[in-house]
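Structure file entry30.csv (CSV, C-alpha atoms and all ligand atoms) follows.
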chain,number,residue,atom,x,y,z
A,1,MET,CA,0.0,0.0,0.0
A,2,LYS,CA,1.3,3.4,-0.9
A,3,PHE,CA,0.5,6.4,1.3
A,4,ILE,CA,-0.4,9.6,-0.3
A,5,ILE,CA,-0.7,12.2,2.5
A,6,GLY,CA,-1.5,15.8,2.0
A,7,ASN,CA,-0.3,18.4,4.4
A,8,TRP,CA,-2.6,21.4,3.9
A,9,LYS,CA,-0.6,23.5,6.4
A,10,MET,CA,-2.5,26.7,7.1
A,11,TYR,CA,-4.5,26.5,3.9
A,12,PRO,CA,-7.2,27.1,2.8
A,13,SER,CA,-8.6,30.0,4.9
A,14,SER,CA,-12.3,29.0,4.9
A,15,LEU,CA,-14.3,25.9,5.6
A,16,LYS,CA,-16.2,26.4,2.4
A,17,GLU,CA,-13.0,26.1,0.3
A,18,ALA,CA,-11.7,23.2,2.4
A,19,LYS,CA,-14.9,21.3,1.7
A,20,PHE,CA,-14.6,22.1,-2.0
A,21,ILE,CA,-11.0,20.8,-2.3
A,22,PHE,CA,-11.8,17.7,-0.1
A,23,GLY,CA,-14.7,16.9,-2.3
A,24,GLY,CA,-12.6,17.0,-5.4
A,25,ILE,CA,-10.0,14.7,-3.9
A,26,LYS,CA,-12.7,12.3,-2.7
A,27,LYS,CA,-13.9,11.9,-6.2
A,28,VAL,CA,-10.5,10.9,-7.5
A,29,ALA,CA,-9.8,8.6,-4.5
A,30,ARG,CA,-12.9,6.6,-5.3
A,31,GLY,CA,-12.0,3.1,-6.6
A,32,VAL,CA,-8.3,3.5,-5.6
A,33,THR,CA,-7.3,0.2,-3.9
A,34,ARG,CA,-3.5,0.4,-3.7
A,35,ALA,CA,-3.0,3.8,-2.3
A,36,LYS,CA,-4.2,5.1,1.1
A,37,VAL,CA,-5.2,8.8,1.0
A,38,VAL,CA,-4.8,10.9,4.1
A,39,LEU,CA,-5.4,14.6,4.4
A,40,CYS,CA,-3.8,16.4,7.3
A,41,VAL,CA,-5.8,19.6,7.6
A,42,PRO,CA,-6.1,22.6,9.9
A,43,ALA,CA,-7.5,21.2,13.2
A,44,LEU,CA,-10.7,23.3,12.8
A,45,PHE,CA,-11.6,21.5,9.6
A,46,VAL,CA,-11.1,17.9,10.9
A,47,ALA,CA,-14.6,17.2,12.2
A,48,PRO,CA,-16.5,18.6,9.1
A,49,LEU,CA,-14.2,16.9,6.7
A,50,VAL,CA,-14.5,13.6,8.5
A,51,VAL,CA,-18.3,13.9,8.1
A,52,LEU,CA,-17.8,14.8,4.4
A,53,GLY,CA,-15.5,11.8,3.9
A,54,GLY,CA,-18.3,9.6,5.1
A,55,LYS,CA,-17.8,6.0,4.1
A,56,SER,CA,-14.9,6.7,1.7
A,57,LYS,CA,-11.6,5.2,2.6
A,58,MET,CA,-10.0,8.6,2.9
A,59,SER,CA,-8.6,9.5,6.3
A,60,VAL,CA,-8.2,12.8,8.0
A,61,GLY,CA,-5.3,13.9,10.3
A,62,GLY,CA,-4.0,16.8,12.3
A,63,GLN,CA,-0.7,18.6,11.8
A,64,ASN,CA,0.5,18.8,15.4
A,65,CYS,CA,-0.8,18.0,18.9
A,66,HIS,CA,0.1,18.8,22.5
A,67,LYS,CA,1.6,16.0,24.6
A,68,ASP,CA,-1.1,16.2,27.3
A,69,ASP,CA,-4.7,15.2,27.0
A,70,GLU,CA,-6.0,18.3,28.6
A,71,GLY,CA,-4.8,21.2,30.8
A,72,ALA,CA,-4.5,24.9,31.1
A,73,ARG,CA,-2.6,25.3,27.8
A,74,THR,CA,-4.3,28.2,26.0
A,75,GLY,CA,-4.4,27.7,22.2
A,76,GLU,CA,-3.1,24.1,22.2
A,77,ILE,CA,-4.9,21.0,20.8
A,78,SER,CA,-4.5,17.6,22.4
A,79,SER,CA,-4.2,14.3,20.6
A,80,ARG,CA,-7.3,13.2,22.5
A,81,ALA,CA,-9.3,16.1,21.2
A,82,LEU,CA,-8.1,15.4,17.7
A,83,LYS,CA,-9.0,11.8,18.0
A,84,SER,CA,-12.5,12.7,19.3
A,85,THR,CA,-13.2,14.7,16.2
A,86,GLY,CA,-12.4,11.7,13.9
A,87,ALA,CA,-8.7,12.2,13.1
A,88,THR,CA,-6.7,9.0,12.8
A,89,TYR,CA,-3.3,10.5,11.9
A,90,VAL,CA,-1.1,13.3,13.2
A,91,ILE,CA,2.0,14.9,11.7
A,92,LEU,CA,4.7,15.4,14.3
A,93,GLY,CA,8.0,17.2,14.0
A,94,HIS,CA,7.3,19.0,10.7
A,95,SER,CA,10.3,21.3,9.8
A,96,GLU,CA,8.0,24.3,10.0
A,97,ARG,CA,7.2,23.5,13.6
A,98,ARG,CA,10.8,22.7,14.4
A,99,ALA,CA,11.6,26.1,13.0
A,100,MET,CA,9.2,27.5,15.6
A,101,GLY,CA,11.3,26.0,18.4
A,102,GLU,CA,9.9,22.5,18.7
A,103,THR,CA,12.7,20.1,19.8
A,104,ASN,CA,13.2,16.4,19.3
A,105,ALA,CA,12.4,16.0,23.0
A,106,ASP,CA,9.1,17.7,22.6
A,107,ILE,CA,8.3,15.5,19.6
A,108,ALA,CA,9.2,12.4,21.5
A,109,GLU,CA,6.7,13.3,24.2
A,110,LYS,CA,4.0,14.1,21.6
A,111,THR,CA,4.4,10.7,20.1
A,112,VAL,CA,3.5,9.2,23.4
A,113,GLY,CA,0.3,11.2,23.5
A,114,ALA,CA,-0.6,10.3,19.9
A,115,LEU,CA,-0.1,6.6,20.7
A,116,ARG,CA,-2.1,6.8,23.9
A,117,ASN,CA,-5.0,8.2,21.8
A,118,LYS,CA,-4.5,5.7,18.9
A,119,LEU,CA,-3.4,8.3,16.3
A,120,ILE,CA,-0.8,7.1,13.8
A,121,THR,CA,2.2,9.4,13.9
A,122,ILE,CA,3.7,10.7,10.7
A,123,LEU,CA,7.1,11.6,11.9
A,124,CYS,CA,9.0,14.2,9.8
A,125,VAL,CA,12.8,14.2,9.6
A,126,GLY,CA,15.1,16.0,7.3
A,127,GLU,CA,18.3,18.1,7.1
A,128,LYS,CA,18.5,21.8,6.5
A,129,GLU,CA,21.4,21.7,4.1
A,130,ARG,CA,23.4,19.1,2.2
A,131,ASP,CA,27.1,19.5,3.0
A,132,GLU,CA,29.9,17.8,1.2
A,133,HIS,CA,31.0,15.7,4.2
A,134,GLY,CA,27.8,13.8,4.7
A,135,GLY,CA,27.0,15.7,8.0
A,136,TYR,CA,23.3,15.5,7.0
A,137,PHE,CA,23.3,11.8,7.7
A,138,THR,CA,24.2,12.5,11.3
A,139,GLU,CA,21.6,15.2,11.5
A,140,VAL,CA,18.8,12.9,10.3
A,141,SER,CA,20.0,9.9,12.5
A,142,ASN,CA,20.0,12.2,15.5
A,143,GLN,CA,16.5,13.4,14.8
A,144,LEU,CA,15.3,9.8,14.5
A,145,ARG,CA,17.0,8.6,17.6
A,146,ALA,CA,15.8,11.5,19.8
A,147,SER,CA,12.3,11.8,18.4
A,148,LEU,CA,11.6,8.1,18.7
A,149,ALA,CA,13.3,7.8,22.1
A,150,LEU,CA,10.0,7.1,23.9
A,151,PHE,CA,8.3,5.2,21.0
A,152,PRO,CA,7.7,1.6,22.2
A,153,ARG,CA,9.4,-1.2,20.2
A,154,ASN,CA,6.1,-3.0,19.7
A,155,ALA,CA,4.2,-0.1,18.3
A,156,SER,CA,5.8,0.1,14.8
A,157,LYS,CA,2.4,-0.2,13.1
A,158,GLN,CA,1.5,3.2,14.5
A,159,LEU,CA,4.4,4.9,12.8
A,160,ILE,CA,5.1,6.4,9.3
A,161,VAL,CA,8.3,8.3,8.7
A,162,ALA,CA,8.4,11.1,6.2
A,163,TYR,CA,11.8,12.4,4.9
A,164,GLU,CA,11.5,16.0,4.0
A,165,PRO,CA,14.8,17.7,3.1
A,166,ILE,CA,14.2,21.3,4.1
A,167,TRP,CA,16.3,22.7,1.2
A,168,ALA,CA,13.8,21.1,-1.2
A,169,ILE,CA,10.6,22.3,0.5
A,170,GLY,CA,8.3,25.2,-0.5
A,171,SER,CA,8.4,27.9,-3.1
A,172,SER,CA,11.9,29.0,-2.1
A,173,ALA,CA,13.4,25.5,-2.5
A,174,LYS,CA,17.0,25.6,-3.8
A,175,ARG,CA,16.4,22.6,-6.0
A,176,VAL,CA,14.2,19.5,-6.0
A,177,ALA,CA,15.7,16.4,-4.5
A,178,THR,CA,16.2,13.5,-6.9
A,179,PRO,CA,15.0,9.9,-6.4
A,180,ALA,CA,18.6,9.0,-5.8
A,181,ASP,CA,18.8,11.6,-2.9
A,182,PHE,CA,15.7,10.0,-1.4
A,183,ARG,CA,16.8,6.4,-2.0
A,184,GLU,CA,20.1,7.0,-0.2
A,185,MET,CA,18.4,8.6,2.8
A,186,SER,CA,15.6,6.0,3.0
A,187,ILE,CA,18.3,3.3,3.3
A,188,LEU,CA,19.7,5.1,6.3
A,189,ILE,CA,16.3,5.7,7.8
A,190,ARG,CA,15.3,2.0,7.5
A,191,ARG,CA,18.7,1.0,9.0
A,192,TYR,CA,17.9,3.1,12.0
A,193,LEU,CA,14.3,1.8,12.2
A,194,ALA,CA,15.7,-1.8,12.1
A,195,GLU,CA,17.9,-1.0,15.1
A,196,HIS,CA,15.0,0.4,17.1
A,197,PHE,CA,12.1,-1.9,16.0
A,198,GLY,CA,13.9,-5.0,14.6
A,199,LYS,CA,14.4,-5.8,11.0
A,200,LYS,CA,11.0,-7.3,10.1
A,201,ALA,CA,8.9,-4.5,11.8
A,202,ALA,CA,11.2,-1.9,10.3
A,203,PHE,CA,10.6,-3.2,6.8
A,204,ALA,CA,6.9,-2.7,7.1
A,205,ILE,CA,7.1,1.0,8.3
A,206,PRO,CA,6.2,3.3,5.4
A,207,VAL,CA,9.0,5.7,4.6
A,208,LEU,CA,7.7,8.6,2.5
A,209,TYR,CA,9.2,11.4,0.6
A,210,GLY,CA,8.1,15.0,1.0
A,211,GLY,CA,9.5,18.1,-0.7
A,212,SER,CA,8.0,19.7,-3.7
A,213,VAL,CA,6.3,16.5,-4.9
A,214,ASP,CA,4.0,17.0,-7.9
A,215,ASP,CA,2.3,15.1,-10.6
A,216,LEU,CA,5.4,15.4,-12.8
A,217,ASN,CA,8.1,14.1,-10.5
A,218,ALA,CA,6.1,11.6,-8.4
A,219,GLU,CA,6.7,8.7,-10.7
A,220,GLY,CA,10.5,8.7,-10.4
A,221,PHE,CA,10.3,8.6,-6.6
A,222,LEU,CA,7.8,5.7,-6.7
A,223,ARG,CA,9.5,3.6,-9.4
A,224,GLU,CA,13.2,4.4,-9.1
A,225,ALA,CA,13.4,5.1,-5.4
A,226,GLU,CA,10.6,2.8,-4.2
A,227,ALA,CA,9.2,5.4,-2.0
A,228,ASP,CA,6.2,4.1,0.1
A,229,GLY,CA,4.4,7.3,-0.8
A,230,PHE,CA,4.5,11.0,-0.2
A,231,LEU,CA,3.8,13.8,2.2
A,232,ILE,CA,2.7,16.7,-0.1
A,233,GLY,CA,2.2,20.3,0.7
A,234,ARG,CA,1.1,22.8,-2.1
A,235,VAL,CA,0.0,20.2,-4.6
A,236,SER,CA,-2.3,18.5,-2.0
A,237,LEU,CA,-4.6,21.6,-2.3
A,238,ASN,CA,-5.0,21.0,-6.1
A,239,PRO,CA,-7.4,18.1,-6.6
A,240,GLU,CA,-6.4,17.6,-10.2
A,241,LYS,CA,-2.6,17.4,-9.6
A,242,PHE,CA,-3.0,15.6,-6.3
A,243,GLY,CA,-5.4,13.2,-8.0
A,244,GLU,CA,-2.8,12.4,-10.6
A,245,VAL,CA,-0.3,11.5,-7.9
A,246,ILE,CA,-2.9,9.2,-6.3
A,247,ARG,CA,-3.6,7.5,-9.7
A,248,LEU,CA,0.2,7.0,-10.2
A,249,ALA,CA,0.6,5.5,-6.8
A,250,ASN,CA,-2.3,3.2,-7.4
A,251,SER,CA,-0.7,2.0,-10.6
A,252,VAL,CA,2.6,1.0,-8.9
A,253,LYS,CA,3.1,-2.5,-7.5
A,254,PRO,CA,3.5,-2.4,-3.8
A,255,ARG,CA,7.1,-3.0,-2.5
A,301,LIG,P1,5.7,21.2,-0.6
A,301,LIG,O1,5.1,19.9,-1.2
A,301,LIG,O2,4.8,22.4,-0.8
A,301,LIG,O3,7.1,21.4,-1.0
A,301,LIG,O4,5.7,21.0,1.0
A,301,LIG,C1,6.3,19.9,1.5
A,301,LIG,C2,5.9,19.7,2.9
A,301,LIG,O5,6.3,20.5,3.8
A,301,LIG,C3,4.9,18.7,3.2
A,301,LIG,O6,4.8,18.5,4.6
Could you show the structure in this file as structure tokens?
Amino acid sequence: MKFIIGNWKMYPSSLKEAKFIFGGIKKVARGVTRAKVVLCVPALFVAPLVVLGGKSKMSVGGQNCHKDDEGARTGEISSRALKSTGATYVILGHSERRAMGETNADIAEKTVGALRNKLITILCVGEKERDEHGGYFTEVSNQLRASLALFPRNASKQLIVAYEPIWAIGSSAKRVATPADFREMSILIRRYLAEHFGKKAAFAIPVLYGGSVDDLNAEGFLREAEADGFLIGRVSLNPEKFGEVIRLANSVKPR
């Protein structure tokens, strides 16, 4: 099964538009059997979009959560509250949240809350820059080690890892990463996951690519680099292009 996950970030700015985009993607996702479609949307939109999803196989997720289930934490959203609105996934450790000061230790605590409330964690890792000496391997290994420090060895089915090289994300990206860039890093990620969860469990954990993925470059990552799917920003708000990525993923033989 390939995972095609949309990260809507802080878009769109109205529920009406959110429903329109969601409806467009739902149409494409109909009849798709080899790709799991998940939309991680602004928290306010989770409940209405879960209702709109109805019996479709699409899932809805959040983009962050607090480690605690409740408390005097003005403006925060707990994983328990997310779950109660129908979310089944949560993105943790996105680079945009790390840039706001979130540490690996914070992320580790959040994974515990997500697990407690039966949300599947989509853990984001990725280096800021690529240096000539391979320092980025250490950066990503350290993120994995510290963010998964509290993640139980027997809970691997509750985890998805998304590799998002920061230099390849967003409209100011320096260049797009290549399937070879992803392949190399996915080997390192899986090696680390094997140390933590054991070889067999690690093999089953989806390792996704995220960073300026669109309908034109998706196929290379799926076929050449055997990505288990994608975490997609901008293009996930465009039902036509996102739909094309879903169709492509549905046409590729599972690993
Ligand atoms: P883009 O797909 O817009 O580059 O964003 C990537 C990302 O941050 C997804 O989480």
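Distances from A:Ala149, A:Ala225, A:Val213, A:Leu208 to Arg183 of chain A were compared using all atoms listed in the file, and the smallest one belongs to A:Ala225.
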Considering all atoms listed in the file, can you say which of A:Val252, A:Leu193, A:Leu92, A:Leu148 comes closest to ligand LIG 301 (chain A)?
A:Leu92
Figure out the distance between atom CA of Ala162 of chain A and atom CA of Cys124 of chain A, please, to one decimal in Å.
4.8 Å
What is the atom CA of Arg234 of chain A-atom CA of Met100 of chain A distance in Å, reported with one decimal?
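That distance, rounded to one decimal, is 20.0 Å.
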For each of A:Ser251, A:Ser56, A:Ser141, A:Asn238, take the minimum atom-to-atom distance to Arg223 of chain A, counting all atoms listed in the file, then give the residue where this is smallest.
A:Ser251
